[in-house]
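Dumped final-v3.tsv below, it's TSV, C-alpha atoms:
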```tsv
chain	number	residue	atom	x	y	z
O	1	MET	CA	14.93	30.63	-86.40
O	2	ARG	CA	17.20	27.91	-85.29
O	3	ARG	CA	14.52	25.33	-85.77
O	4	VAL	CA	14.28	26.34	-89.39
O	5	LEU	CA	18.00	26.51	-89.91
O	6	ILE	CA	18.92	23.14	-88.51
O	7	PRO	CA	17.37	21.12	-91.32
O	8	VAL	CA	18.80	23.60	-93.80
O	9	ALA	CA	22.30	23.17	-92.43
O	10	GLY	CA	21.76	19.44	-92.39
O	11	LEU	CA	20.97	19.48	-96.07
O	12	PHE	CA	24.09	21.42	-96.86
O	13	ALA	CA	26.24	19.34	-94.60
O	14	THR	CA	25.34	16.32	-96.66
O	15	THR	CA	25.95	18.12	-99.92
O	16	ALA	CA	29.18	19.64	-98.73
O	17	LEU	CA	30.45	16.32	-97.45
O	18	LEU	CA	30.08	14.75	-100.85
O	19	VAL	CA	31.89	17.63	-102.50
O	20	ALA	CA	34.57	17.93	-99.85
O	21	LEU	CA	35.59	14.33	-100.14
O	22	LYS	CA	36.38	14.99	-103.77
O	23	SER	CA	37.77	18.48	-103.54
O	24	GLY	CA	40.35	18.19	-100.80
O	25	PRO	CA	41.53	20.42	-98.03
O	26	GLY	CA	40.64	23.68	-96.51
O	27	VAL	CA	37.48	25.59	-95.98
O	28	MET	CA	35.07	24.63	-98.66
O	29	ARG	CA	32.72	27.00	-100.38
O	30	LEU	CA	29.88	25.77	-102.44
O	31	PRO	CA	29.57	27.25	-105.90
O	32	ASP	CA	27.30	30.21	-106.52
O	33	GLN	CA	24.68	28.15	-108.26
O	34	VAL	CA	23.66	26.17	-105.16
O	35	PRO	CA	19.93	26.22	-104.63
O	36	VAL	CA	18.95	29.26	-102.66
O	37	ILE	CA	16.90	28.47	-99.60
O	38	GLN	CA	14.05	30.93	-99.29
O	39	ARG	CA	12.58	29.65	-96.06
O	40	VAL	CA	14.90	31.72	-93.90
O	41	ALA	CA	13.11	34.80	-92.59
O	42	PRO	CA	14.62	38.08	-93.78
O	43	THR	CA	15.34	39.50	-90.34
O	44	PRO	CA	16.43	36.72	-88.01
O	45	THR	CA	16.67	37.59	-84.36
O	46	VAL	CA	19.23	36.67	-81.77
O	47	ASP	CA	16.68	35.33	-79.31
O	48	PRO	CA	18.05	32.26	-77.58
O	49	LEU	CA	16.37	28.97	-78.11
O	50	PRO	CA	14.05	27.68	-75.43
O	51	GLU	CA	15.94	25.53	-72.98
O	52	GLY	CA	15.78	21.84	-73.66
O	53	GLU	CA	15.20	22.37	-77.34
O	54	PRO	CA	16.24	19.19	-79.18
O	55	GLY	CA	19.48	19.72	-81.05
O	56	SER	CA	20.42	22.87	-79.18
O	57	ASP	CA	23.87	23.33	-77.69
O	58	PRO	CA	23.89	25.58	-74.61
O	59	ALA	CA	27.63	26.23	-75.01
O	60	ALA	CA	27.34	27.40	-78.60
O	61	PRO	CA	28.01	31.06	-79.30
O	62	PRO	CA	24.98	33.22	-79.98
O	63	SER	CA	23.72	32.88	-83.49
O	64	PRO	CA	23.45	34.72	-85.79
O	65	THR	CA	26.40	37.08	-85.67
O	66	PRO	CA	26.89	39.96	-88.07
O	67	GLY	CA	29.06	38.96	-91.00
O	68	PRO	CA	30.73	40.88	-93.78
O	69	ASP	CA	28.58	42.54	-96.44
O	70	GLY	CA	25.76	43.03	-93.99
O	71	GLY	CA	25.02	39.32	-93.87
O	72	LEU	CA	24.15	37.30	-90.84
O	73	VAL	CA	26.31	34.33	-90.02
O	74	TYR	CA	24.86	31.18	-88.53
O	75	VAL	CA	26.95	28.33	-87.22
O	76	GLY	CA	25.25	24.98	-87.34
O	77	ASP	CA	25.53	22.27	-84.75
O	78	SER	CA	28.56	20.05	-84.75
O	79	VAL	CA	27.29	16.72	-85.97
O	80	TYR	CA	29.36	13.63	-85.61
O	81	ALA	CA	29.82	11.66	-88.78
O	82	GLU	CA	32.23	8.88	-89.53
O	83	PHE	CA	35.79	10.07	-88.88
O	84	GLY	CA	34.84	13.42	-87.33
O	85	TYR	CA	32.45	16.30	-86.78
O	86	VAL	CA	30.68	18.32	-89.41
O	87	THR	CA	30.06	21.97	-88.63
O	88	VAL	CA	28.53	24.19	-91.26
O	89	GLN	CA	28.35	27.96	-91.25
O	90	ILE	CA	26.01	29.87	-93.50
O	91	THR	CA	25.79	33.56	-94.30
O	92	VAL	CA	22.34	34.97	-94.96
O	93	VAL	CA	21.55	38.27	-96.69
O	94	ASP	CA	17.95	39.31	-97.17
O	95	GLY	CA	16.72	35.84	-96.45
O	96	ARG	CA	18.96	34.19	-99.02
O	97	ILE	CA	21.89	31.97	-98.23
O	98	VAL	CA	24.83	33.62	-99.91
O	99	ASP	CA	27.64	31.50	-98.53
O	100	VAL	CA	28.06	28.10	-96.98
O	101	VAL	CA	31.31	27.16	-95.29
O	102	ALA	CA	32.18	23.88	-93.70
O	103	LEU	CA	34.00	24.88	-90.52
O	104	GLU	CA	34.64	21.25	-89.70
O	105	MET	CA	34.54	18.41	-92.14
O	106	PRO	CA	35.82	14.86	-91.96
O	107	THR	CA	37.77	15.05	-95.18
O	108	ALA	CA	40.36	12.50	-96.16
O	109	GLU	CA	42.86	14.68	-94.29
O	110	ALA	CA	40.80	14.67	-91.16
O	111	ARG	CA	40.95	10.92	-91.18
O	112	SER	CA	44.68	11.29	-90.97
O	113	VAL	CA	44.67	13.80	-88.11
O	114	ALA	CA	45.77	11.08	-85.74
O	115	LEU	CA	48.82	10.68	-87.92
O	116	ASN	CA	49.73	14.36	-87.90
O	117	ALA	CA	52.02	14.16	-84.91
O	118	ARG	CA	54.01	11.53	-86.71
O	119	VAL	CA	54.05	13.61	-89.88
O	120	ALA	CA	55.49	16.55	-87.97
O	121	GLU	CA	58.25	14.32	-86.73
O	122	THR	CA	59.11	12.74	-90.02
O	123	MET	CA	58.36	15.42	-92.63
O	124	ARG	CA	59.78	18.89	-93.00
O	125	GLU	CA	59.09	21.69	-95.41
O	126	ARG	CA	61.78	23.19	-97.59
O	127	VAL	CA	61.79	26.02	-100.05
O	128	LEU	CA	60.81	24.80	-103.49
O	129	ALA	CA	63.85	26.00	-105.40
O	130	ALA	CA	64.70	25.39	-109.03
O	131	GLN	CA	68.25	24.12	-109.21
O	132	SER	CA	70.50	23.26	-112.07
O	133	ALA	CA	72.75	21.07	-109.95
O	134	LYS	CA	75.06	18.52	-111.51
O	135	VAL	CA	73.34	15.15	-111.42
O	136	ASN	CA	73.84	11.72	-112.98
O	137	THR	CA	70.16	11.37	-113.80
O	138	VAL	CA	66.75	12.78	-112.96
O	139	SER	CA	63.77	11.06	-111.35
O	140	GLY	CA	60.42	12.00	-112.79
O	141	ALA	CA	59.13	11.87	-116.32
O	142	THR	CA	61.55	13.89	-118.37
O	143	TRP	CA	60.69	16.14	-121.27
O	144	THR	CA	62.41	13.63	-123.45
O	145	SER	CA	60.28	10.73	-122.34
O	146	GLU	CA	57.10	12.82	-122.56
O	147	ALA	CA	57.98	13.87	-126.06
O	148	TYR	CA	58.64	10.26	-126.83
O	149	ARG	CA	55.29	9.26	-125.51
O	150	GLN	CA	53.51	11.96	-127.50
O	151	SER	CA	55.35	11.09	-130.61
O	152	LEU	CA	54.51	7.44	-130.14
O	153	GLN	CA	50.89	8.35	-129.55
O	154	SER	CA	50.72	10.45	-132.72
O	155	ALA	CA	52.32	7.64	-134.62
O	156	LEU	CA	49.71	5.23	-133.31
O	157	VAL	CA	46.97	7.63	-134.35
O	158	LYS	CA	48.42	7.94	-137.82
O	159	ALA	CA	48.62	4.19	-137.97
O	160	GLY	CA	44.99	3.91	-136.98
O	161	LEU	CA	45.93	1.98	-133.83
O	162	ALA	CA	44.85	4.50	-131.20
Q	1	MET	CA	55.93	1.06	-122.11
Q	2	GLY	CA	56.49	4.09	-124.28
Q	3	THR	CA	59.57	5.36	-122.57
Q	4	THR	CA	63.32	5.64	-122.82
Q	5	ALA	CA	65.88	3.71	-120.79
Q	6	THR	CA	69.48	4.45	-119.91
Q	7	VAL	CA	72.09	2.11	-118.44
Q	8	GLU	CA	75.36	3.40	-117.06
Q	9	ILE	CA	77.91	0.93	-115.69
Q	10	ALA	CA	80.83	2.39	-113.76
Q	11	ASP	CA	82.73	-0.83	-113.07
Q	12	PRO	CA	86.22	-1.22	-114.53
Q	13	LEU	CA	85.24	-4.09	-116.81
Q	14	PRO	CA	86.45	-4.75	-120.36
Q	15	ALA	CA	84.50	-2.82	-122.97
Q	16	ALA	CA	83.18	-6.02	-124.55
Q	17	ARG	CA	81.84	-7.19	-121.19
Q	18	LEU	CA	80.22	-3.81	-120.53
Q	19	ALA	CA	78.51	-3.93	-123.91
Q	20	GLU	CA	77.33	-7.45	-123.22
Q	21	LEU	CA	75.87	-6.44	-119.85
Q	22	ALA	CA	74.13	-3.43	-121.37
Q	23	ASP	CA	72.74	-5.59	-124.18
Q	24	GLU	CA	71.34	-8.02	-121.62
Q	25	VAL	CA	69.59	-5.19	-119.79
Q	26	PHE	CA	68.03	-3.84	-122.97
Q	27	ALA	CA	67.02	-7.32	-124.11
Q	28	PHE	CA	65.26	-7.81	-120.78
Q	29	LEU	CA	63.50	-4.45	-120.98
Q	30	ARG	CA	62.31	-5.24	-124.52
Q	31	GLU	CA	61.03	-8.60	-123.29
Q	32	VAL	CA	59.12	-6.84	-120.49
Q	33	ASP	CA	57.70	-4.35	-122.98
Q	34	ALA	CA	56.57	-7.16	-125.28
Q	35	ARG	CA	54.79	-8.84	-122.38
Q	36	PHE	CA	53.30	-5.87	-120.53
Q	37	SER	CA	52.87	-3.13	-123.13
Q	38	THR	CA	49.42	-1.57	-123.29
Q	39	PHE	CA	50.21	-0.44	-126.85
Q	40	ARG	CA	51.02	-3.78	-128.42
Q	41	ALA	CA	48.02	-5.89	-129.30
Q	42	ASP	CA	50.00	-9.12	-128.92
Q	43	SER	CA	51.24	-8.39	-125.37
Q	44	GLU	CA	49.88	-10.55	-122.60
Q	45	VAL	CA	48.28	-7.51	-120.97
Q	46	CYS	CA	46.46	-6.53	-124.16
Q	47	ARG	CA	45.36	-10.08	-124.74
Q	48	LEU	CA	43.94	-10.25	-121.20
Q	49	ASN	CA	42.09	-7.00	-121.83
Q	50	ALA	CA	40.80	-8.35	-125.13
Q	51	GLY	CA	39.36	-11.37	-123.32
Q	52	ASP	CA	41.69	-13.94	-124.85
Q	53	ARG	CA	41.77	-17.18	-122.94
Q	54	PHE	CA	45.32	-18.33	-122.38
Q	55	GLU	CA	47.62	-19.50	-119.65
Q	56	PRO	CA	49.35	-16.41	-118.19
Q	57	SER	CA	53.12	-16.63	-117.95
Q	58	PRO	CA	54.71	-17.08	-114.49
Q	59	VAL	CA	56.16	-13.56	-114.84
Q	60	LEU	CA	52.73	-12.06	-115.44
Q	61	ARG	CA	51.35	-14.01	-112.49
Q	62	GLU	CA	54.15	-12.76	-110.26
Q	63	VAL	CA	53.63	-9.14	-111.31
Q	64	LEU	CA	49.87	-9.31	-110.81
Q	65	ALA	CA	50.33	-10.93	-107.40
Q	66	ARG	CA	52.62	-8.10	-106.34
Q	67	CYS	CA	50.20	-5.52	-107.73
Q	68	THR	CA	47.44	-7.11	-105.65
Q	69	ALA	CA	49.58	-6.89	-102.51
Q	70	LEU	CA	50.29	-3.22	-103.29
Q	71	TRP	CA	46.59	-2.58	-103.85
Q	72	GLN	CA	46.00	-3.83	-100.32
Q	73	GLN	CA	48.95	-1.95	-98.84
Q	74	THR	CA	47.77	1.33	-100.41
Q	75	ASN	CA	44.13	0.94	-99.31
Q	76	GLY	CA	43.12	0.56	-102.93
Q	77	TYR	CA	44.83	3.70	-104.22
Q	78	PHE	CA	47.29	1.76	-106.34
Q	79	ASP	CA	44.84	0.12	-108.69
Q	80	VAL	CA	45.93	-1.49	-111.94
Q	81	TYR	CA	42.27	-1.33	-112.97
Q	82	ALA	CA	41.85	2.41	-112.24
Q	83	THR	CA	41.10	3.07	-115.90
Q	84	GLY	CA	38.71	0.15	-116.19
Q	85	ARG	CA	41.29	-1.93	-118.07
Q	86	LEU	CA	44.30	-3.78	-116.76
Q	87	ASP	CA	47.30	-1.46	-116.85
Q	88	PRO	CA	50.12	-2.50	-114.50
Q	89	SER	CA	52.55	0.10	-115.95
Q	90	GLY	CA	52.69	1.95	-112.61
Q	91	PHE	CA	54.48	-1.06	-111.12
Q	92	VAL	CA	56.06	-2.74	-114.13
Q	93	LYS	CA	58.41	0.08	-115.13
Q	94	GLY	CA	59.99	0.30	-111.69
Q	95	TRP	CA	59.95	-3.47	-111.25
Q	96	ALA	CA	61.71	-4.01	-114.58
Q	97	VAL	CA	64.45	-1.53	-113.70
Q	98	GLN	CA	64.85	-3.17	-110.29
Q	99	VAL	CA	65.21	-6.64	-111.85
Q	100	ALA	CA	67.70	-5.29	-114.39
Q	101	SER	CA	69.73	-3.72	-111.58
Q	102	ASP	CA	69.61	-6.93	-109.52
Q	103	ARG	CA	70.90	-8.86	-112.52
Q	104	LEU	CA	73.74	-6.39	-113.09
Q	105	LEU	CA	74.75	-6.74	-109.45
Q	106	ALA	CA	74.65	-10.54	-109.69
Q	107	ALA	CA	76.73	-10.37	-112.88
Q	108	GLY	CA	79.49	-8.47	-111.10
Q	109	ALA	CA	78.61	-4.89	-112.02
Q	110	ALA	CA	78.09	-3.45	-108.55
Q	111	ASN	CA	78.39	0.19	-109.66
Q	112	HIS	CA	75.60	1.19	-112.00
Q	113	CYS	CA	72.65	3.41	-112.71
Q	114	VAL	CA	69.58	2.16	-114.58
Q	115	ASP	CA	66.87	4.65	-115.52
Q	116	ALA	CA	63.64	4.02	-117.39
Q	117	GLY	CA	61.48	7.07	-117.89
Q	118	GLY	CA	62.56	8.68	-114.64
Q	119	ASP	CA	62.42	5.56	-112.48
Q	120	VAL	CA	65.98	5.21	-111.23
Q	121	ARG	CA	67.96	2.45	-109.51
Q	122	VAL	CA	71.54	3.25	-108.53
Q	123	ARG	CA	74.11	1.06	-106.83
Q	124	GLY	CA	77.70	1.62	-105.84
Q	125	ARG	CA	79.47	4.70	-107.11
Q	126	SER	CA	79.32	6.82	-110.21
Q	127	PRO	CA	82.28	7.07	-112.61
Q	128	SER	CA	83.54	10.03	-110.57
Q	129	GLY	CA	84.04	7.71	-107.60
Q	130	GLN	CA	81.39	9.60	-105.66
Q	131	PRO	CA	77.91	8.34	-104.73
Q	132	TRP	CA	75.36	8.67	-107.53
Q	133	ARG	CA	73.45	11.95	-107.66
Q	134	VAL	CA	69.80	11.70	-108.66
Q	135	GLY	CA	67.85	14.90	-109.26
Q	136	ILE	CA	64.15	15.21	-108.49
Q	137	ARG	CA	62.50	16.84	-111.44
Q	138	HIS	CA	61.07	20.28	-110.66
Q	139	PRO	CA	57.38	19.97	-111.52
Q	140	PHE	CA	57.01	23.60	-112.63
Q	141	ALA	CA	60.41	24.61	-114.03
Q	142	ARG	CA	61.44	23.01	-117.26
Q	143	ASP	CA	64.80	21.23	-117.18
Q	144	ALA	CA	65.40	22.09	-113.51
Q	145	VAL	CA	65.48	19.92	-110.42
Q	146	CYS	CA	64.04	20.79	-107.00
Q	147	GLY	CA	66.34	18.57	-104.99
Q	148	VAL	CA	69.26	16.20	-105.40
Q	149	LEU	CA	69.54	12.80	-103.76
Q	150	ALA	CA	72.87	11.10	-103.26
Q	151	GLY	CA	73.52	7.50	-102.39
Q	152	THR	CA	75.16	4.19	-103.15
Q	153	ASP	CA	72.00	2.05	-102.97
Q	154	LEU	CA	68.84	3.91	-103.93
Q	155	ALA	CA	65.62	3.19	-105.77
Q	156	VAL	CA	63.98	6.49	-106.73
Q	157	ALA	CA	60.54	6.66	-108.34
Q	158	THR	CA	58.62	9.83	-109.09
Q	159	SER	CA	54.99	10.07	-110.04
Q	160	GLY	CA	53.98	13.45	-111.31
Q	161	VAL	CA	51.27	15.45	-112.96
Q	162	TYR	CA	53.21	17.59	-115.35
Q	163	GLU	CA	52.23	20.26	-117.80
Q	164	ARG	CA	51.28	17.98	-120.64
Q	165	GLY	CA	51.71	14.59	-119.07
Q	166	PRO	CA	49.03	12.07	-118.28
Q	167	HIS	CA	46.98	12.41	-115.10
Q	168	VAL	CA	46.83	9.92	-112.29
Q	169	LEU	CA	43.29	8.78	-111.59
Q	170	ASP	CA	41.76	8.56	-108.14
Q	171	PRO	CA	40.41	5.01	-108.44
Q	172	PHE	CA	37.55	5.81	-106.06
Q	173	THR	CA	36.15	8.68	-108.13
Q	174	GLY	CA	37.52	7.90	-111.58
Q	175	THR	CA	38.61	11.53	-111.89
Q	176	ALA	CA	42.10	13.00	-112.07
Q	177	ALA	CA	43.77	13.21	-108.67
Q	178	ARG	CA	44.38	16.76	-107.40
Q	179	GLY	CA	46.42	18.40	-104.68
Q	180	LEU	CA	49.85	16.88	-105.26
Q	181	ARG	CA	51.94	17.74	-108.29
Q	182	SER	CA	54.68	15.20	-107.82
Q	183	VAL	CA	55.55	12.46	-105.36
Q	184	THR	CA	59.02	10.92	-105.11
Q	185	VAL	CA	59.51	7.73	-103.13
Q	186	VAL	CA	62.98	6.45	-102.21
Q	187	GLY	CA	63.71	3.02	-100.79
Q	188	PRO	CA	65.05	-0.44	-101.43
Q	189	ASP	CA	62.69	-1.71	-104.17
Q	190	LEU	CA	61.90	0.35	-107.26
Q	191	GLY	CA	58.72	-1.50	-108.23
Q	192	GLU	CA	57.23	-0.81	-104.82
Q	193	ALA	CA	58.53	2.77	-104.79
Q	194	ASP	CA	56.87	3.34	-108.16
Q	195	ALA	CA	53.51	2.01	-106.99
Q	196	LEU	CA	53.67	3.84	-103.64
Q	197	ALA	CA	54.38	7.14	-105.41
Q	198	THR	CA	51.45	6.61	-107.77
Q	199	ALA	CA	49.16	5.73	-104.84
Q	200	ALA	CA	50.16	8.82	-102.83
Q	201	LEU	CA	49.53	11.04	-105.83
Q	202	ALA	CA	46.08	9.47	-106.26
Q	203	MET	CA	45.30	10.13	-102.57
Q	204	GLY	CA	45.83	13.86	-102.94
Q	205	PRO	CA	46.88	15.86	-99.85
Q	206	ALA	CA	46.07	12.93	-97.57
Q	207	GLY	CA	48.90	11.11	-99.30
Q	208	ILE	CA	51.44	13.21	-97.38
Q	209	ALA	CA	50.40	11.76	-94.04
Q	210	TRP	CA	50.15	8.31	-95.52
Q	211	LEU	CA	53.67	8.49	-96.95
Q	212	SER	CA	55.03	9.26	-93.51
Q	213	THR	CA	53.71	5.94	-92.24
Q	214	LEU	CA	55.67	3.81	-94.71
Q	215	ASP	CA	58.44	1.66	-93.33
Q	216	GLY	CA	61.70	1.62	-95.23
Q	217	TYR	CA	60.69	4.33	-97.71
Q	218	THR	CA	61.28	8.08	-97.55
Q	219	SER	CA	59.59	10.61	-99.77
Q	220	ALA	CA	59.42	14.12	-101.20
Q	221	VAL	CA	56.22	15.84	-102.26
Q	222	VAL	CA	55.51	18.98	-104.26
Q	223	THR	CA	51.94	20.23	-103.82
Q	224	ASP	CA	49.81	21.98	-106.43
Q	225	ASP	CA	50.39	25.24	-104.55
Q	226	GLY	CA	54.15	24.89	-104.70
Q	227	ARG	CA	55.05	23.54	-101.27
Q	228	PHE	CA	57.96	21.11	-101.01
Q	229	LEU	CA	57.77	18.59	-98.19
Q	230	CYS	CA	60.14	15.76	-97.57
Q	231	SER	CA	61.04	13.15	-95.00
Q	232	GLN	CA	63.57	14.23	-92.39
Q	233	THR	CA	65.64	11.22	-93.42
Q	234	LEU	CA	65.40	11.74	-97.19
Q	235	PRO	CA	68.97	11.25	-98.53
Q	236	LEU	CA	69.36	14.78	-99.90
Q	237	ALA	CA	72.81	15.63	-101.22
Q	238	ASP	CA	72.95	19.09	-99.64
```
Translate this file's structure into structure tokens.
Amino acid sequence: MRRVLIPVAGLFATTALLVALKSGPGVMRLPDQVPVIQRVAPTPTVDPLPEGEPGSDPAAPPSPTPGPDGGLVYVGDSVYAEFGYVTVQITVVDGRIVDVVALEMPTAEARSVALNARVAETMRERVLAAQSAKVNTVSGATWTSEAYRQSLQSALVKAGLA
Amino acid sequence: MGTTATVEIADPLPAARLAELADEVFAFLREVDARFSTFRADSEVCRLNAGDRFEPSPVLREVLARCTALWQQTNGYFDVYATGRLDPSGFVKGWAVQVASDRLLAAGAANHCVDAGGDVRVRGRSPSGQPWRVGIRHPFARDAVCGVLAGTDLAVATSGVYERGPHVLDPFTGTAARGLRSVTVVGPDLGEADALATAALAMGPAGIAWLSTLDGYTSAVVTDDGRFLCSQTLPLAD
């Protein structure tokens, strides 16, 4: 089973990497319309791989494990790419891949992991509260300036300049 | 630049002198607009985009040189060519306010607030005698602020993706940046603060870590999912 799944996970790792770099943080799920891989046998077994199998990781947890909705969850190998490891997990139901999750992905954030300690020191989180405090002025595009911009734009359109 | 500007001078100067100083600021801002506007066909920026061959003014050269330095400093995320055409507005607005403030200081008005479209430079004290108070616009609540900064020497620039406002492009993908709703950068120079805020917004969530590496500038970030993060040393009033 694993021999079949490794190239499959590899394919998705590449796809997911491209998407993840554009979509940002967190666990990434591919959309429903990803191509369904039919090569996975409907009833995968938990037999361990033969020892010395290329690409196998003796320390990896047994795969597959039962997942929600009666699916079977497979965790792919951790593959080093630029800036970090890629680890992809798939969920298979009746021989169809129903979910693909990147457990590890060198996203733009991951590139900054080395900086996180410094972030923790220098940044703090506060409650996002809406205040009506007395101020002299406000930083950030104001409703007035946005309205101005829109009005200007509409004027330019009317004038045939935009 | 399609925006509004406000000048407030708190120095005890004769009214005629105050009016003169304010007129000089507005004359300068109009001059900048005439040179850098992306709306006016006869501006230097529009003429460059139209392919006109002419000798750029020293001011345009200086601005473009500083934009190039900021492009390098921000790993390419502050990009005056992000839209495919030259548009240095993300630096010019803050730079113009900074120059106007520098000129006011040199002219003897050490207590003032200059604001162009939400890019703010304050010096000295407000008319109340207290440090100036600059609100950070709340990105989700109309007419509210999410924090107040106080100080006697602050440049405050905010780049935001608001309800109906323009988006900031990620220059590497050409698509609208996502993840951060507004980025406020506070420091000594408003042109730089403006460009750094725009760059962090274009970076998305990775911009938070990047902001924390900047020397001399503190920051506040509101994420798309409503988190408010700020530097430990951000000069908050409360």
Item to check | chain Q residues near chain O (6 Å cut-off, all atoms listed in the file) as JSON, numbers by chain | outcome: {"Q": [2, 3, 4, 117, 118, 119, 133, 134, 135, 136, 137, 144, 145, 146, 158, 206, 209, 212, 228, 229, 230, 231, 232]}
Checklist entry - For the atom pair atom CA of Q:Ala155 and atom CA of Q:Ala193, what is the interatomic distance in Å to one decimal place? => result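 Computing the Euclidean distance for atom CA of Q:Ala155 and atom CA of Q:Ala193 yields 7.2 Å.
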Next on the checklist: as number ranges by chain, please: the residues near Q:Arg121 (cut-off 9 Å, all atoms listed in the file, same-chain neighbours under 6 positions excluded).
Outcome noted: Q: 94, 97-98, 101, 112-115, 153-157, 189-190
For the residues selected in the previous step, produce a file with C-alpha atoms as a PDB file, in the frame of the given file.
```
ATOM      1  CA  GLY Q  94      59.990   0.300-111.690  1.00  0.00           C
ATOM      2  CA  VAL Q  97      64.450  -1.530-113.700  1.00  0.00           C
ATOM      3  CA  GLN Q  98      64.850  -3.170-110.290  1.00  0.00           C
ATOM      4  CA  SER Q 101      69.730  -3.720-111.580  1.00  0.00           C
ATOM      5  CA  HIS Q 112      75.600   1.190-112.000  1.00  0.00           C
ATOM      6  CA  CYS Q 113      72.650   3.410-112.710  1.00  0.00           C
ATOM      7  CA  VAL Q 114      69.580   2.160-114.580  1.00  0.00           C
ATOM      8  CA  ASP Q 115      66.870   4.650-115.520  1.00  0.00           C
ATOM      9  CA  ASP Q 153      72.000   2.050-102.970  1.00  0.00           C
ATOM     10  CA  LEU Q 154      68.840   3.910-103.930  1.00  0.00           C
ATOM     11  CA  ALA Q 155      65.620   3.190-105.770  1.00  0.00           C
ATOM     12  CA  VAL Q 156      63.980   6.490-106.730  1.00  0.00           C
ATOM     13  CA  ALA Q 157      60.540   6.660-108.340  1.00  0.00           C
ATOM     14  CA  ASP Q 189      62.690  -1.710-104.170  1.00  0.00           C
ATOM     15  CA  LEU Q 190      61.900   0.350-107.260  1.00  0.00           C
TER      16      LEU Q 190
END
```
Checklist entry - Which value, in Å to one decimal, gives the distance between atom CA of Q:Ala197 and atom CA of Q:Gly226? => result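 Result for atom CA of Q:Ala197 versus atom CA of Q:Gly226: 17.8 Å, one decimal.
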Just want the 12 Å neighbourhood of Q:Ala50, counted on all atoms listed in the file, with same-chain residues fewer than 5 positions away dropped. Output as an mmCIF file with C-alpha atoms, in the coordinates of the input.
```
data_model
loop_
_atom_site.group_PDB
_atom_site.id
_atom_site.type_symbol
_atom_site.label_atom_id
_atom_site.label_comp_id
_atom_site.auth_asym_id
_atom_site.auth_seq_id
_atom_site.Cartn_x
_atom_site.Cartn_y
_atom_site.Cartn_z
ATOM 1 C CA THR Q 38 49.420 -1.570 -123.290
ATOM 2 C CA ARG Q 40 51.020 -3.780 -128.420
ATOM 3 C CA ALA Q 41 48.020 -5.890 -129.300
ATOM 4 C CA ASP Q 42 50.000 -9.120 -128.920
ATOM 5 C CA SER Q 43 51.240 -8.390 -125.370
ATOM 6 C CA GLU Q 44 49.880 -10.550 -122.600
ATOM 7 C CA VAL Q 45 48.280 -7.510 -120.970
ATOM 8 C CA ARG Q 85 41.290 -1.930 -118.070
ATOM 9 C CA LEU Q 86 44.300 -3.780 -116.760
#
```
Next on the checklist: For a test of reading the model, state the distance in Å between atom CA of Q:Pro188 and atom CA of Q:Asp215, rounded to one decimal.
Outcome noted: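 Here the two named atoms are 10.7 Å from each other.
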Centre and edge lengths of an axis-aligned box around all listed atoms of stretch 149-162 of chain Q, with 6 Å added on each side, are to be given in Å to one decimal, as AutoDock Vina command-line options.
```
--center_x 63.2 --center_y 9.8 --center_z -108.9 --size_x 35.9 --size_y 27.5 --size_z 25.0
```
Next on the checklist: as a list in words, please: the residues near Q:Asp225 (cut-off 9 Å, only C-alpha atoms, same-chain neighbours under 2 positions excluded).
Outcome noted: Gly179, Leu180, Arg181, Val222, Thr223 and Arg227 of chain Q
